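A.B. asks: For reference, the structure I am asking about is given below.
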Amino acid sequence: MIRRRQFITLLGGAAAAWPLAARAQQAALPVIGYLRVASRTQLPQIEAAFREGLGSMGFREGINVATDYRFASYDYDRLPTLAADLVRSGVAVLHAGDTPAAVAAKAATTNIPIIFRIGGDPVQLGLVKSPNQPGGNITGVTFLATVTSAIRLQMLHEAVPGAAIVGLLVNPSDPRSMLPSRHWWSGGCKRLSSKEIRFSLTGDSSWPSWRHVMGCLRSMRRASSLMPAG
């Protein structure tokens, strides 16, 4: 949704507009606000790809641009505060590295340009008006994982045609989870005679452990054995 040339122009313009005296003293560089709901130690390759992308467009951290990194460590309640802090600090651009961060960034400012990287539908999430004309101060990229949810459910059913009950683990604190679930049940399950059991992974200061996930799956299995198929 955002073009490479537009991004270069955006940051380049911020750099050019910076006071000459300040730039001469190397005291003030245009700052990118980087916001993610995850912890910094999880999926470090995303941050590395971000830096690589900046480098491919001629931007070097500490040389002609600075980055203020903020991570919520899966504490969703912290995101609005982190986004507001970045806005108050006067960043030139906000980069939202996931859906919760994008939602928080959009709520925090209508003036600072926001660039998101998400897997959901930005229109359904209320981030943009349309993919071609996002409007406002926000744009970005999405790989539309939610749109393919029903297709993936159908593929699962074809792989295990005898399955009568399909369960979906969701985190109600994460808007990424709720939209895919609607696609799953409204799209895929209409074609299947399936019953649904929902278990929620409650937001915490860290990503739910595999022990927690396996406990949910065992509970789901016990519940499914008590339900008639069809």
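In the structure tokens, chains take the letters A, B, ... in the order shown, each chain's residues start at 1, and ligands count up from 1 in the order shown.
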Excluding His95 of chain A and any residue of its chain fewer than 3 positions from it, enumerate the residues within 8 Å of it, using only C-alpha atoms, and give them as a list of chain:residue names.
C.D. replies: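 My list of contacting residues is A:Ile32, A:Gly33, A:Tyr34, A:Leu35, A:Ile114, A:Ile115, A:Phe116, A:Arg117.
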A.B. asks: Those residues you just picked out, can you put them in a file as a PDB file, in the first residue's frame with C-alpha atoms?
C.D. replies:
ATOM      1  CA  ILE A  32      11.310   6.805  13.528  1.00  0.00           C
ATOM      2  CA  GLY A  33       9.068   5.527  16.304  1.00  0.00           C
ATOM      3  CA  TYR A  34       9.083   1.715  16.246  1.00  0.00           C
ATOM      4  CA  LEU A  35       6.213   0.027  18.098  1.00  0.00           C
ATOM      5  CA  ILE A 114       1.968   5.890  10.444  1.00  0.00           C
ATOM      6  CA  ILE A 115       3.252   2.912   8.479  1.00  0.00           C
ATOM      7  CA  PHE A 116       1.970  -0.511   9.546  1.00  0.00           C
ATOM      8  CA  ARG A 117       2.934  -4.112   8.886  1.00  0.00           C
TER       9      ARG A 117
END
A.B. asks: Out of segment 18-147 of chain A, which residues get helix (DSSP H, G or I) from DSSP, as a VMD selection string?
C.D. replies: chain A and resid 20 to 24 44 to 56 76 to 88 99 to 108
A.B. asks: Okay, now the selection with N, CA and C atoms, as a CSV table (one decimal), in the first residue's frame?
C.D. replies:
chain,number,residue,atom,x,y,z
A,20,LEU,N,19.3,23.4,10.3
A,20,LEU,CA,20.6,23.2,9.8
A,20,LEU,C,21.6,23.2,10.9
A,21,ALA,N,21.5,24.1,11.9
A,21,ALA,CA,22.4,24.1,13.0
A,21,ALA,C,22.4,22.8,13.8
A,22,ALA,N,21.2,22.3,14.0
A,22,ALA,CA,21.1,21.1,14.8
A,22,ALA,C,21.7,19.9,14.0
A,23,ARG,N,21.5,19.9,12.7
A,23,ARG,CA,22.1,18.8,11.9
A,23,ARG,C,23.6,18.9,11.9
A,24,ALA,N,24.1,20.2,11.8
A,24,ALA,CA,25.5,20.4,11.8
A,24,ALA,C,26.2,19.9,13.1
A,44,PRO,N,13.4,-11.6,16.4
A,44,PRO,CA,14.3,-10.5,16.1
A,44,PRO,C,14.6,-10.3,14.6
A,45,GLN,N,14.2,-11.3,13.8
A,45,GLN,CA,14.4,-11.2,12.3
A,45,GLN,C,13.5,-10.1,11.8
A,46,ILE,N,12.4,-9.8,12.4
A,46,ILE,CA,11.5,-8.7,12.0
A,46,ILE,C,12.2,-7.3,12.1
A,47,GLU,N,12.9,-7.1,13.3
A,47,GLU,CA,13.6,-5.9,13.5
A,47,GLU,C,14.8,-5.8,12.5
A,48,ALA,N,15.5,-7.0,12.3
A,48,ALA,CA,16.6,-7.0,11.4
A,48,ALA,C,16.1,-6.6,10.0
A,49,ALA,N,15.0,-7.1,9.6
A,49,ALA,CA,14.5,-6.8,8.2
A,49,ALA,C,14.1,-5.3,8.1
A,50,PHE,N,13.6,-4.8,9.2
A,50,PHE,CA,13.3,-3.3,9.2
A,50,PHE,C,14.5,-2.5,9.0
A,51,ARG,N,15.6,-2.8,9.7
A,51,ARG,CA,16.9,-2.1,9.5
A,51,ARG,C,17.4,-2.3,8.1
A,52,GLU,N,17.3,-3.5,7.6
A,52,GLU,CA,17.8,-3.8,6.2
A,52,GLU,C,17.0,-3.0,5.2
A,53,GLY,N,15.7,-2.9,5.4
A,53,GLY,CA,14.9,-2.1,4.5
A,53,GLY,C,15.3,-0.6,4.5
A,54,LEU,N,15.5,-0.1,5.7
A,54,LEU,CA,16.0,1.3,5.8
A,54,LEU,C,17.3,1.5,5.1
A,55,GLY,N,18.2,0.5,5.3
A,55,GLY,CA,19.5,0.6,4.6
A,55,GLY,C,19.4,0.5,3.1
A,56,SER,N,18.5,-0.2,2.6
A,56,SER,CA,18.3,-0.3,1.1
A,56,SER,C,17.8,1.0,0.5
A,76,TYR,N,-0.8,-5.8,26.5
A,76,TYR,CA,-1.6,-5.0,25.6
A,76,TYR,C,-2.0,-3.7,26.2
A,77,ASP,N,-2.2,-3.6,27.5
A,77,ASP,CA,-2.6,-2.4,28.1
A,77,ASP,C,-1.5,-1.3,28.0
A,78,ARG,N,-0.3,-1.7,27.8
A,78,ARG,CA,0.8,-0.7,27.7
A,78,ARG,C,0.9,0.0,26.4
A,79,LEU,N,0.3,-0.6,25.3
A,79,LEU,CA,0.4,-0.1,24.0
A,79,LEU,C,0.0,1.4,23.8
A,80,PRO,N,-1.2,1.7,24.3
A,80,PRO,CA,-1.6,3.1,24.2
A,80,PRO,C,-0.6,4.1,24.8
A,81,THR,N,-0.1,3.7,26.0
A,81,THR,CA,0.9,4.6,26.7
A,81,THR,C,2.2,4.7,25.8
A,82,LEU,N,2.7,3.6,25.3
A,82,LEU,CA,3.9,3.6,24.5
A,82,LEU,C,3.7,4.4,23.3
A,83,ALA,N,2.5,4.2,22.6
A,83,ALA,CA,2.3,5.0,21.4
A,83,ALA,C,2.2,6.5,21.7
A,84,ALA,N,1.5,6.8,22.8
A,84,ALA,CA,1.4,8.3,23.2
A,84,ALA,C,2.8,8.8,23.5
A,85,ASP,N,3.7,8.0,24.2
A,85,ASP,CA,5.0,8.5,24.5
A,85,ASP,C,5.8,8.8,23.2
A,86,LEU,N,5.7,8.0,22.2
A,86,LEU,CA,6.4,8.2,20.9
A,86,LEU,C,5.8,9.5,20.3
A,87,VAL,N,4.5,9.7,20.3
A,87,VAL,CA,3.9,10.9,19.7
A,87,VAL,C,4.5,12.1,20.5
A,88,ARG,N,4.5,12.1,21.8
A,88,ARG,CA,5.0,13.3,22.6
A,88,ARG,C,6.4,13.6,22.3
A,99,THR,N,-0.6,-5.8,14.3
A,99,THR,CA,-1.9,-5.2,14.3
A,99,THR,C,-2.2,-4.4,15.6
A,100,PRO,N,-1.9,-5.0,16.8
A,100,PRO,CA,-2.2,-4.2,18.0
A,100,PRO,C,-1.5,-2.9,18.1
A,101,ALA,N,-0.2,-2.9,17.6
A,101,ALA,CA,0.5,-1.7,17.6
A,101,ALA,C,-0.1,-0.6,16.6
A,102,ALA,N,-0.6,-1.1,15.5
A,102,ALA,CA,-1.2,-0.2,14.5
A,102,ALA,C,-2.4,0.4,15.0
A,103,VAL,N,-3.2,-0.4,15.7
A,103,VAL,CA,-4.5,0.1,16.3
A,103,VAL,C,-4.1,1.2,17.4
A,104,ALA,N,-3.1,0.9,18.2
A,104,ALA,CA,-2.7,1.9,19.2
A,104,ALA,C,-2.1,3.2,18.6
A,105,ALA,N,-1.3,3.0,17.5
A,105,ALA,CA,-0.7,4.2,16.9
A,105,ALA,C,-1.8,5.1,16.2
A,106,LYS,N,-2.8,4.4,15.6
A,106,LYS,CA,-3.8,5.2,14.9
A,106,LYS,C,-4.6,6.0,16.0
A,107,ALA,N,-4.8,5.4,17.1
A,107,ALA,CA,-5.6,6.2,18.2
A,107,ALA,C,-4.8,7.3,18.8
A,108,ALA,N,-3.4,7.2,18.7
A,108,ALA,CA,-2.6,8.1,19.4
A,108,ALA,C,-2.3,9.4,18.6
A.B. asks: Would you list the contacts of Val128 of chain A as a ChimeraX atom specification, taking every protein, DNA or RNA residue within 12 Å and counting only C-alpha atoms, but skipping same-chain residues closer than 5 positions in sequence?
C.D. replies: /A:1,102-103,106,114-116,120-123,133-142
A.B. asks: Excluding Arg36 of chain A and residues on its chain fewer than 4 positions from it, collect all residues at most 8 Å away from it, counting only C-alpha atoms, and give them as a list of chain:residue names.
C.D. replies: A:Arg70, A:Phe71, A:Ala72, A:Ala96, A:Gly97, A:Asp98, A:Pro100, A:Ala101
A.B. asks: Interatomic distance between atom CA of Leu153 of chain A and atom CA of Lys129 of chain A?
C.D. replies: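 Between these atoms lies a distance of 28.2 Å.
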